[in-house]
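As stored in entry-v2.txt (compact mmCIF, C-alpha atoms):
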# COMPACT_ATOMS: atom_id res chain seq x y z
CA MET A 249 42.25 24.81 -60.77
CA LYS A 250 40.03 25.17 -57.75
CA LYS A 251 39.61 28.00 -55.29
CA ILE A 252 40.94 27.06 -51.87
CA TYR A 253 39.22 27.70 -48.55
CA SER A 254 40.83 27.40 -45.13
CA VAL A 255 39.44 27.69 -41.63
CA LEU A 256 42.75 29.06 -40.34
CA GLY A 257 43.17 31.36 -43.30
CA ILE A 258 39.75 32.84 -42.63
CA ALA A 259 40.75 33.55 -39.04
CA LEU A 260 43.79 35.49 -40.27
CA LEU A 261 42.53 37.15 -43.42
CA CYS A 262 39.01 38.03 -42.32
CA ALA A 263 39.11 38.33 -38.54
CA SER A 264 36.40 40.98 -38.54
CA CYS A 265 33.98 38.95 -40.64
CA SER A 266 30.67 38.20 -38.91
CA LYS A 267 29.87 35.04 -40.84
CA ASP A 268 31.17 31.79 -39.32
CA ASP A 269 30.62 29.45 -42.27
CA VAL A 270 33.76 28.69 -44.31
CA SER A 271 31.69 28.23 -47.46
CA GLN A 272 30.97 31.98 -47.51
CA ILE A 273 34.60 33.11 -47.84
CA THR A 274 37.04 32.57 -50.69
CA ASP A 275 40.82 32.51 -50.44
CA PRO A 276 42.25 33.61 -53.81
CA THR A 277 45.23 31.23 -53.56
CA GLU A 278 45.04 28.41 -56.08
CA LEU A 279 46.62 24.99 -55.79
CA THR A 280 46.10 21.61 -57.34
CA TYR A 281 46.03 18.81 -54.78
CA PRO A 282 47.14 15.25 -55.54
CA GLN A 283 45.23 12.23 -54.28
CA LYS A 284 48.14 11.48 -51.96
CA ALA A 285 51.44 13.08 -51.00
CA ILE A 286 54.25 11.13 -49.30
CA ALA A 287 57.01 12.55 -47.10
CA THR A 288 60.53 12.26 -48.49
CA ASP A 289 62.94 9.90 -46.74
CA PRO A 290 63.36 11.01 -43.10
CA LYS A 291 66.63 10.94 -41.22
CA VAL A 292 67.45 7.98 -38.96
CA LEU A 293 67.17 8.78 -35.24
CA SER A 294 68.53 5.48 -33.95
CA ASP A 295 69.31 1.90 -34.85
CA ILE A 296 67.96 -0.69 -32.39
CA ASN A 297 69.49 -4.09 -33.13
CA GLY A 298 69.41 -3.40 -36.86
CA VAL A 299 65.93 -1.79 -36.84
CA LYS A 300 66.03 1.80 -38.07
CA VAL A 301 64.02 4.36 -36.07
CA TYR A 302 63.06 7.28 -38.30
CA ASN A 303 62.16 10.91 -37.73
CA GLY A 304 59.34 10.21 -39.09
CA GLY A 305 56.72 10.32 -36.50
CA TYR A 306 54.87 13.34 -37.91
CA GLY A 307 51.16 12.99 -38.42
CA SER A 308 49.50 13.05 -34.98
CA SER A 309 47.88 16.30 -36.09
CA MET A 310 48.03 18.68 -39.03
CA VAL A 311 47.50 22.37 -39.82
CA GLN A 312 47.56 23.98 -43.26
CA ASP A 313 49.35 27.34 -43.47
CA PRO A 314 46.78 30.16 -43.78
CA THR A 315 48.68 32.13 -46.42
CA ASP A 316 50.78 29.53 -48.28
CA LYS A 317 48.53 26.56 -49.01
CA SER A 318 51.46 24.40 -50.08
CA ILE A 319 52.71 24.37 -46.48
CA PHE A 320 51.46 21.85 -43.91
CA TYR A 321 52.55 21.73 -40.28
CA LEU A 322 52.59 18.18 -38.90
CA LEU A 323 52.95 17.25 -35.23
CA THR A 324 54.82 14.36 -33.65
CA ASP A 325 53.68 12.64 -30.50
CA ARG A 326 55.97 11.87 -27.51
CA GLY A 327 58.61 10.15 -29.60
CA PRO A 328 59.53 6.65 -30.84
CA ASN A 329 58.30 4.02 -28.42
CA ILE A 330 56.77 0.55 -28.37
CA ASP A 331 54.80 -1.41 -25.80
CA GLY A 332 56.86 -3.04 -23.08
CA THR A 333 56.22 -6.50 -21.68
CA GLU A 334 55.15 -4.99 -18.35
CA SER A 335 51.58 -3.72 -18.08
CA ASP A 336 51.28 -0.01 -19.02
CA SER A 337 54.98 0.22 -19.92
CA LYS A 338 56.58 1.82 -22.96
CA VAL A 339 60.11 1.30 -24.30
CA PHE A 340 61.59 4.57 -25.57
CA ALA A 341 64.24 4.40 -28.31
CA THR A 342 65.43 8.01 -27.89
CA PRO A 343 64.30 9.34 -24.47
CA ALA A 344 65.73 12.81 -25.14
CA PHE A 345 63.53 13.26 -28.24
CA ALA A 346 61.73 16.62 -28.15
CA PRO A 347 58.14 16.50 -29.49
CA GLN A 348 58.04 18.82 -32.47
CA ILE A 349 56.17 20.48 -35.32
CA GLY A 350 57.51 19.80 -38.81
CA LYS A 351 57.00 22.31 -41.61
CA PHE A 352 56.37 20.37 -44.83
CA ARG A 353 56.04 21.76 -48.34
CA LEU A 354 53.68 20.06 -50.79
CA LYS A 355 54.94 19.89 -54.36
CA GLU A 356 53.03 17.61 -56.69
CA ASN A 357 52.79 14.35 -54.71
CA THR A 358 55.76 14.88 -52.37
CA LEU A 359 56.07 16.37 -48.87
CA THR A 360 59.47 17.87 -48.11
CA LEU A 361 60.45 18.73 -44.54
CA GLU A 362 61.78 22.29 -44.56
CA SER A 363 62.19 23.07 -40.86
CA VAL A 364 61.35 21.87 -37.36
CA ILE A 365 59.97 23.63 -34.27
CA GLU A 366 60.96 21.72 -31.12
CA LEU A 367 58.63 22.25 -28.15
CA LYS A 368 60.18 23.92 -25.08
CA ASN A 369 59.08 24.87 -21.56
CA LYS A 370 58.82 28.44 -20.27
CA ASP A 371 62.57 28.49 -19.57
CA GLY A 372 63.39 27.46 -23.12
CA VAL A 373 64.37 23.89 -22.15
CA LYS A 374 63.28 21.22 -24.62
CA LEU A 375 60.27 19.14 -23.64
CA ASN A 376 60.43 15.35 -23.74
CA GLY A 377 57.96 12.51 -24.11
CA LEU A 378 58.32 10.85 -20.71
CA PRO A 379 55.22 10.30 -18.55
CA ASN A 380 54.32 12.97 -16.01
CA PRO A 381 54.60 12.45 -12.25
CA GLU A 382 51.43 11.43 -10.43
CA GLY A 383 49.42 14.51 -9.50
CA LYS A 384 50.97 16.44 -12.38
CA GLY A 385 49.32 14.58 -15.23
CA GLY A 386 50.67 11.10 -14.57
CA SER A 387 48.95 8.37 -16.57
CA GLY A 388 50.30 5.40 -14.61
CA GLU A 389 52.54 4.49 -17.54
CA LYS A 390 56.16 3.42 -16.99
CA ALA A 391 58.91 4.57 -19.33
CA LEU A 392 61.79 2.17 -19.99
CA GLY A 393 64.96 2.50 -22.02
CA VAL A 394 65.91 -0.15 -24.56
CA ASP A 395 68.22 -1.50 -21.86
CA GLY A 396 65.21 -2.07 -19.60
CA LYS A 397 66.12 0.66 -17.11
CA ASP A 398 63.35 2.86 -15.68
CA LEU A 399 63.60 6.33 -17.22
CA GLY A 400 61.47 7.91 -14.49
CA LYS A 401 58.92 10.71 -14.81
CA SER A 402 59.14 14.28 -16.06
CA GLU A 403 57.01 17.39 -15.56
CA ASP A 404 58.34 18.43 -18.98
CA GLY A 405 56.87 15.33 -20.59
CA ILE A 406 54.15 15.79 -23.20
CA ASP A 407 52.41 13.26 -25.42
CA SER A 408 51.38 15.80 -28.06
CA GLU A 409 48.38 14.78 -30.17
CA GLY A 410 46.25 17.79 -31.13
CA LEU A 411 47.52 20.93 -32.92
CA THR A 412 45.89 24.20 -33.92
CA ARG A 413 47.27 27.61 -34.83
CA ALA A 414 46.14 31.05 -33.63
CA ALA A 415 45.92 34.16 -35.81
CA ASP A 416 49.17 35.50 -34.34
CA GLY A 417 51.07 32.38 -35.43
CA SER A 418 51.26 30.85 -31.96
CA TRP A 419 50.34 27.20 -31.38
CA TRP A 420 47.90 25.36 -29.12
CA ILE A 421 48.66 21.69 -28.47
CA SER A 422 46.72 19.06 -26.51
CA ASP A 423 48.20 15.87 -25.09
CA GLU A 424 47.40 12.40 -23.83
CA TYR A 425 48.97 12.76 -20.40
CA GLY A 426 47.34 15.41 -18.13
CA PRO A 427 45.40 16.12 -20.22
CA HIS A 428 47.15 19.41 -20.87
CA ILE A 429 46.34 22.13 -23.38
CA VAL A 430 49.55 24.09 -23.88
CA HIS A 431 50.01 27.43 -25.62
CA PHE A 432 53.36 27.87 -27.39
CA ASP A 433 54.74 30.93 -29.14
CA VAL A 434 55.81 30.83 -32.79
CA SER A 435 59.22 29.41 -31.82
CA GLY A 436 57.70 26.57 -29.75
CA LYS A 437 58.33 28.10 -26.29
CA GLU A 438 55.59 27.52 -23.72
CA ILE A 439 53.39 30.51 -22.86
CA GLU A 440 50.62 28.91 -20.83
CA ARG A 441 49.55 25.45 -19.67
CA ILE A 442 45.92 24.58 -18.95
CA ASN A 443 44.95 21.36 -17.18
CA PRO A 444 42.54 20.17 -14.46
CA TRP A 445 44.77 21.46 -11.62
CA SER A 446 46.22 24.65 -13.12
CA THR A 447 45.57 28.03 -11.53
CA GLY A 448 43.51 30.54 -13.48
CA LYS A 449 42.17 28.89 -16.60
CA LYS A 450 41.69 25.18 -16.13
CA LEU A 451 40.07 22.09 -17.60
CA PRO A 452 37.24 20.46 -15.64
CA LEU A 453 38.55 18.04 -12.99
CA VAL A 454 36.73 15.10 -14.54
CA PHE A 455 39.12 15.12 -17.52
CA ALA A 456 41.90 13.85 -15.26
CA LYS A 457 40.09 10.48 -15.40
CA ARG A 458 41.21 9.92 -18.98
CA ARG A 459 42.23 6.42 -19.89
CA PRO A 460 46.03 6.01 -20.14
CA ASN A 461 47.20 6.61 -23.74
CA ARG A 462 43.67 7.77 -24.65
CA GLY A 463 43.75 11.39 -23.56
CA MET A 464 42.88 14.60 -25.42
CA GLU A 465 43.57 13.36 -28.92
CA GLY A 466 42.08 16.23 -30.92
CA LEU A 467 42.16 20.03 -30.65
CA THR A 468 40.92 22.82 -32.89
CA LEU A 469 40.27 26.56 -32.81
CA THR A 470 36.99 28.08 -33.99
CA PRO A 471 37.29 30.39 -37.02
CA ASP A 472 36.56 33.46 -34.89
CA GLY A 473 39.66 32.61 -32.83
CA LYS A 474 37.75 32.69 -29.55
CA THR A 475 37.22 29.05 -28.55
CA LEU A 476 39.44 26.00 -28.24
CA VAL A 477 37.59 22.71 -28.75
CA GLY A 478 39.23 19.51 -27.48
CA ILE A 479 37.95 15.97 -27.83
CA MET A 480 38.99 12.92 -25.83
CA GLN A 481 40.01 9.79 -27.69
CA PHE A 482 37.97 7.38 -25.58
CA PRO A 483 35.39 7.41 -22.76
CA LEU A 484 36.90 8.53 -19.46
CA TYR A 485 37.53 5.90 -16.79
CA ASN A 486 34.79 7.61 -14.80
CA PRO A 487 34.35 6.52 -12.10
CA SER A 488 36.44 3.45 -13.04
CA LYS A 489 37.55 1.24 -15.92
CA ASP A 490 35.09 -1.53 -15.04
CA ALA A 491 32.15 0.83 -14.51
CA ILE A 492 32.28 2.21 -18.05
CA LYS A 493 32.68 -1.04 -19.95
CA ASN A 494 30.89 -0.80 -23.34
CA SER A 495 30.35 2.95 -22.95
CA LEU A 496 30.12 4.98 -26.16
CA ALA A 497 30.13 8.41 -24.48
CA ILE A 498 33.17 10.58 -25.24
CA ARG A 499 33.56 14.09 -23.83
CA ILE A 500 34.21 17.27 -25.78
CA VAL A 501 35.31 20.44 -24.00
CA ALA A 502 34.91 23.95 -25.41
CA LEU A 503 37.13 26.52 -23.68
CA ASP A 504 36.65 30.26 -24.09
CA ILE A 505 40.23 31.54 -24.40
CA ALA A 506 39.55 35.00 -22.95
CA SER A 507 37.58 33.99 -19.85
CA GLY A 508 38.59 30.37 -19.31
CA ALA A 509 34.93 29.34 -19.10
CA THR A 510 34.21 25.82 -20.36
CA LYS A 511 31.30 23.83 -21.71
CA GLN A 512 31.12 20.05 -22.16
CA TYR A 513 29.28 17.96 -24.72
CA VAL A 514 28.86 14.26 -25.44
CA TYR A 515 30.08 12.64 -28.66
CA MET A 516 28.81 9.10 -29.22
CA MET A 517 31.36 6.82 -30.87
CA GLU A 518 30.10 4.15 -33.24
CA ARG A 519 31.47 0.96 -31.65
CA THR A 520 33.09 -0.06 -28.40
CA ASP A 521 35.92 -1.96 -30.11
CA LEU A 522 37.41 1.13 -31.77
CA GLN A 523 40.51 3.07 -30.78
CA ALA A 524 37.96 5.85 -31.24
CA VAL A 525 38.49 9.55 -31.99
CA SER A 526 41.76 10.75 -33.53
CA GLU A 527 41.07 14.38 -34.44
CA ILE A 528 38.66 17.29 -34.65
CA ALA A 529 38.79 20.25 -37.07
CA ALA A 530 36.57 23.32 -37.20
CA VAL A 531 34.22 23.96 -40.10
CA SER A 532 32.43 26.90 -38.47
CA ASN A 533 32.10 28.26 -34.94
CA SER A 534 29.58 25.52 -34.12
CA THR A 535 30.27 22.72 -36.60
CA PHE A 536 33.30 20.43 -36.82
CA ILE A 537 34.56 17.30 -38.51
CA VAL A 538 35.74 14.37 -36.38
CA LEU A 539 37.93 11.42 -37.37
CA GLU A 540 36.94 8.10 -35.78
CA ARG A 541 38.86 4.89 -36.40
CA ASP A 542 39.99 1.42 -35.46
CA GLY A 543 43.64 0.35 -35.34
CA GLU A 544 43.51 -2.20 -38.15
CA TYR A 545 45.39 -2.42 -41.45
CA ALA A 546 43.24 -2.81 -44.53
CA THR A 547 43.75 -5.31 -47.32
CA GLU A 548 41.39 -5.95 -50.20
CA ALA A 549 40.00 -8.87 -48.19
CA THR A 550 39.33 -6.76 -45.06
CA ARG A 551 38.47 -3.45 -46.71
CA SER A 552 34.76 -3.73 -45.91
CA THR A 553 35.31 -4.24 -42.17
CA VAL A 554 38.13 -1.77 -41.42
CA PHE A 555 36.75 1.40 -39.82
CA LYS A 556 38.19 4.85 -40.57
CA LYS A 557 35.44 7.43 -40.99
CA ILE A 558 34.94 11.19 -40.78
CA TYR A 559 31.78 12.73 -39.33
CA LYS A 560 30.46 16.27 -39.25
CA ILE A 561 29.15 17.26 -35.83
CA ASP A 562 27.05 20.20 -34.70
CA PHE A 563 26.92 21.68 -31.20
CA SER A 564 23.57 23.37 -31.87
CA GLY A 565 20.97 21.75 -29.63
CA ALA A 566 23.52 19.56 -27.81
CA THR A 567 23.30 19.45 -24.01
CA ASP A 568 25.99 21.14 -21.95
CA ILE A 569 26.84 18.50 -19.32
CA SER A 570 29.13 20.77 -17.29
CA ASP A 571 29.27 20.30 -13.54
CA ALA A 572 28.77 23.63 -11.73
CA ASN A 573 30.64 22.23 -8.71
CA ASN A 574 33.55 20.93 -10.82
CA THR A 575 33.70 17.61 -8.97
CA ALA A 576 36.12 14.81 -9.85
CA THR A 577 33.37 12.71 -11.46
CA GLY A 578 31.55 15.53 -13.20
CA LYS A 579 27.80 16.01 -13.05
CA LEU A 580 25.94 12.90 -11.88
CA PHE A 581 22.57 11.58 -13.00
CA ASP A 582 20.86 9.43 -10.38
CA GLY A 583 24.32 8.86 -8.98
CA LYS A 584 25.83 7.79 -12.31
CA THR A 585 28.46 9.50 -14.42
CA VAL A 586 27.83 10.36 -18.06
CA GLU A 587 30.18 7.52 -19.04
CA GLU A 588 28.10 5.04 -17.02
CA LEU A 589 24.99 6.00 -19.01
CA LYS A 590 26.87 4.44 -21.96
CA ASP A 591 24.41 4.74 -24.86
CA ALA A 592 22.13 7.27 -26.55
CA ALA A 593 18.92 5.66 -25.27
CA THR A 594 20.04 5.95 -21.65
CA LEU A 595 21.30 9.49 -22.17
CA ALA A 596 17.89 10.41 -23.58
CA LYS A 597 16.21 9.29 -20.34
CA TYR A 598 18.09 12.11 -18.63
CA ASN A 599 17.39 14.61 -21.43
CA ILE A 600 21.03 14.58 -22.54
CA LYS A 601 21.35 15.24 -26.25
CA PRO A 602 24.75 14.37 -27.79
CA VAL A 603 26.20 16.45 -30.60
CA ASN A 604 24.48 15.80 -33.92
CA LYS A 605 26.63 13.54 -36.10
CA ILE A 606 26.57 12.94 -39.89
CA LEU A 607 28.94 10.75 -41.94
CA VAL A 608 30.83 12.77 -44.54
CA ALA A 609 33.66 10.44 -45.64
CA ASP A 610 34.87 6.85 -45.36
CA LEU A 611 38.57 6.29 -46.07
CA MET A 612 37.82 2.72 -47.13
CA THR A 613 35.58 3.84 -49.99
CA ASP A 614 36.22 7.52 -50.71
CA ILE A 615 39.84 7.36 -51.84
CA LYS A 616 40.72 5.52 -55.05
CA GLU A 617 43.60 3.46 -53.72
CA LEU A 618 43.40 1.32 -50.61
CA TYR A 619 44.27 3.23 -47.44
CA PRO A 620 47.09 0.99 -46.14
CA HIS A 621 47.86 2.49 -42.72
CA ASP A 622 46.59 1.40 -39.32
CA LYS A 623 46.44 4.97 -38.05
CA ALA A 624 44.61 7.96 -39.52
CA GLU A 625 45.22 10.83 -37.10
CA GLY A 626 45.54 14.33 -38.60
CA LEU A 627 42.61 16.15 -40.18
CA ALA A 628 42.22 19.48 -41.98
CA VAL A 629 39.51 21.27 -43.95
CA ILE A 630 40.95 22.27 -47.32
CA ASN A 631 37.72 23.69 -48.75
CA PRO A 632 34.01 22.83 -48.44
CA SER A 633 34.44 19.95 -50.90
CA MET A 634 37.80 18.57 -49.78
CA ILE A 635 39.42 17.44 -46.54
CA ALA A 636 42.95 16.19 -45.84
CA VAL A 637 43.89 13.23 -43.64
CA CYS A 638 47.39 12.28 -42.51
CA ASN A 639 48.70 9.14 -40.83
CA ASP A 640 50.96 8.62 -37.83
CA ASP A 641 53.75 6.33 -39.02
CA ASP A 642 55.05 5.64 -35.48
CA PHE A 643 58.59 6.58 -36.55
CA GLY A 644 58.61 3.46 -38.72
CA VAL A 645 58.68 1.05 -35.77
CA THR A 646 56.40 -1.28 -33.83
CA GLY A 647 56.69 -4.25 -31.51
CA LYS A 648 56.18 -5.44 -27.96
CA GLY A 649 59.28 -5.74 -25.82
CA PHE A 650 61.61 -5.50 -28.82
CA TYR A 651 61.73 -3.20 -31.83
CA GLU A 652 60.54 -4.23 -35.29
CA SER A 653 60.15 -2.27 -38.51
CA LYS A 654 56.57 -1.15 -39.06
CA ILE A 655 55.80 -2.80 -42.39
CA LEU A 656 52.47 -2.04 -44.05
CA PRO A 657 50.94 -5.45 -44.88
CA TYR A 658 49.27 -4.34 -48.11
CA ILE A 659 52.18 -2.57 -49.82
CA LYS A 660 55.04 -4.36 -48.00
CA THR A 661 57.01 -1.19 -47.20
CA VAL A 662 57.93 0.67 -44.00
CA ASP A 663 55.19 3.09 -42.98
CA LYS A 664 55.79 6.74 -43.93
CA ASN A 665 53.93 9.97 -43.25
CA SER A 666 51.42 10.75 -45.99
CA ILE A 667 48.59 13.18 -46.59
CA TYR A 668 45.47 12.00 -48.43
CA PHE A 669 43.25 14.59 -50.07
CA VAL A 670 39.65 13.37 -49.97
CA LYS A 671 36.93 14.83 -52.19
CA LEU A 672 33.59 14.92 -50.42
CA LYS A 673 30.38 13.70 -52.05
CA ASP A 674 28.44 16.45 -50.30
CA PRO A 675 30.12 19.80 -49.48
CA LEU A 676 30.48 20.89 -45.87
CA LYS A 677 28.06 23.64 -44.90

Exercise: express the given structure as structure tokens:
Amino acid sequence: MKKIYSVLGIALLCASCSKDDVSQITDPTELTYPQKAIATDPKVLSDINGVKVYNGGYGSSMVQDPTDKSIFYLLTDRGPNIDGTESDSKVFATPAFAPQIGKFRLKENTLTLESVIELKNKDGVKLNGLPNPEGKGGSGEKALGVDGKDLGKSEDGIDSEGLTRAADGSWWISDEYGPHIVHFDVSGKEIERINPWSTGKKLPLVFAKRRPNRGMEGLTLTPDGKTLVGIMQFPLYNPSKDAIKNSLAIRIVALDIASGATKQYVYMMERTDLQAVSEIAAVSNSTFIVLERDGEYATEATRSTVFKKIYKIDFSGATDISDANNTATGKLFDGKTVEELKDAATLAKYNIKPVNKILVADLMTDIKELYPHDKAEGLAVINPSMIAVCNDDDFGVTGKGFYESKILPYIKTVDKNSIYFVKLKDPLK
């Protein structure tokens, strides 16, 4: 049996502690973790021409309970949808679906859903997954029903992707629209919404240039409970899609919860052909792990080329690229945006140092069985020698224009939510 450590548990159980390194604090709870745990059969949300749509859909982000280590909270995204045949369109199977947090219990190698927290606005009305109106976080995406009818826009729409929990049990969630960072109480009711146009606390204006469906994919809270750290999935379209072609520069924002003050850093992704960053999780107040991936399924034949890796990053010494004037393009360098600088060599010419980045795990080599999913999205620090990764199963569906079952090519079954527990070769420090 191994002693268990938890970033969130530290925040709750030792809030007055001055050390910020998780390796210095021990949680007395003991638990044996399997190599993999699979969610039990989910209920069916809908049947589209014989294709079952499951609920399911958990795995966009993950938080381990700070006091009961057998409990994991898993987040859905905006709901079951597939690509439409129109450019930037999505076909929603259940438009009224409320994005939600599922409470799962781990027992041996099984995850059992015990309860659900549906996300609601300040009036207690359930949120939905429809795109926001332009000027309110709109991404340019069009939502269609399975009958082809336009479902319109909604200010209550959220494409939830990042999840973290505060010491009081409330939730912070980031999304791929806005981007928004939304604070919810323990019951899932909205307390506060932070975005580039909000009053009071706000995100820098430049973040509104996120690529559609590649918004703020990851969110975490530092162990001292003071700072939210969000990471974008892909380089911003800043100033435009064409101008940033082949850019590797992804923005991170660190937001001081008390004051609303922000700092920005550059994370350099490995390759331009990736779907890029899926998650960030705190190790200490200045170090984090980041999940970077492609969107490919692995087989034994393709195992060596599929990319799903976890890196440890460090803010120490990284350049704050914040724009004091908070302009729509952010701080410029000889008239160019950070995204236009594209690579580390060009950034160095302007004395911009990205966050330091070290590989800590590769899902293609560091788990015994083949990782069969296209998406690795949720990430948690279990202890200094173990991390957990969960997949987004897309509610068991895929397709373009018409619904199909999402069958994993390697194991020939419908995709399901799973958590993989990965032992690290070198402990996090």

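A distance cut-off of 9 Å around (64.7, 26.6, -34.6), counting all atoms listed in the file, selects these protein and nucleic acid residues: Ser363, Val364, Ile365, Glu366, Ser435 and Gly436 of chain A.
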
Do a neighbour search on A:Asp395 at 10 Å with only C-alpha atoms, toss out local chain neighbours closer than 2 positions, and write the hits as a CSV table (one decimal) with C-alpha atoms, keeping the file's coordinate frame.
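What landed in around-v3.csv:
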chain,number,residue,atom,x,y,z
A,339,VAL,CA,60.1,1.3,-24.3
A,340,PHE,CA,61.6,4.6,-25.6
A,341,ALA,CA,64.2,4.4,-28.3
A,392,LEU,CA,61.8,2.2,-20.0
A,393,GLY,CA,65.0,2.5,-22.0
A,397,LYS,CA,66.1,0.7,-17.1
A,398,ASP,CA,63.4,2.9,-15.7

Give me, as a PyMOL selection string, all polymer residues having an atom no more than 12 Å from A:Leu378, counting all atoms listed in the file and skipping those fewer than 6 positions away in the same chain.
chain A and resi 325-329+337-347+385-393+398-408+424-425

So what do you get for atom CA of A:Gly647 versus atom CA of A:Asn380, distance-wise?
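Taking atom CA of A:Gly647 and atom CA of A:Asn380, their separation equals 23.3 Å.
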
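Proximity to A:Lys590 was assessed for A:Val454, A:Leu279, A:Met516, A:Leu672 counting all atoms listed in the file; the smallest distance is recorded for A:Met516.
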
At a cut-off of 9 Å, using all atoms listed in the file, what residues contact A:Pro282? Leave out same-chain residues fewer than 2 positions from it and give the result as number ranges by chain.
A: 280, 284-285, 356-357, 668-669

Just the number, please: distance in Å from atom CA of A:Gly626 to atom CA of A:Thr475, one decimal.
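One can read the atom CA of A:Gly626 to atom CA of A:Thr475 distance as 19.7 Å.
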
Selection as JSON, numbers by chain: residues within 12 Å of (43.4, 19.3, -17.8), counting all atoms listed in the file
{"A": [383, 384, 385, 386, 422, 423, 424, 425, 426, 427, 428, 429, 430, 441, 442, 443, 444, 445, 446, 447, 449, 450, 451, 452, 453, 454, 455, 456, 457, 458, 463, 464, 478, 479, 480, 501, 503, 510, 576]}
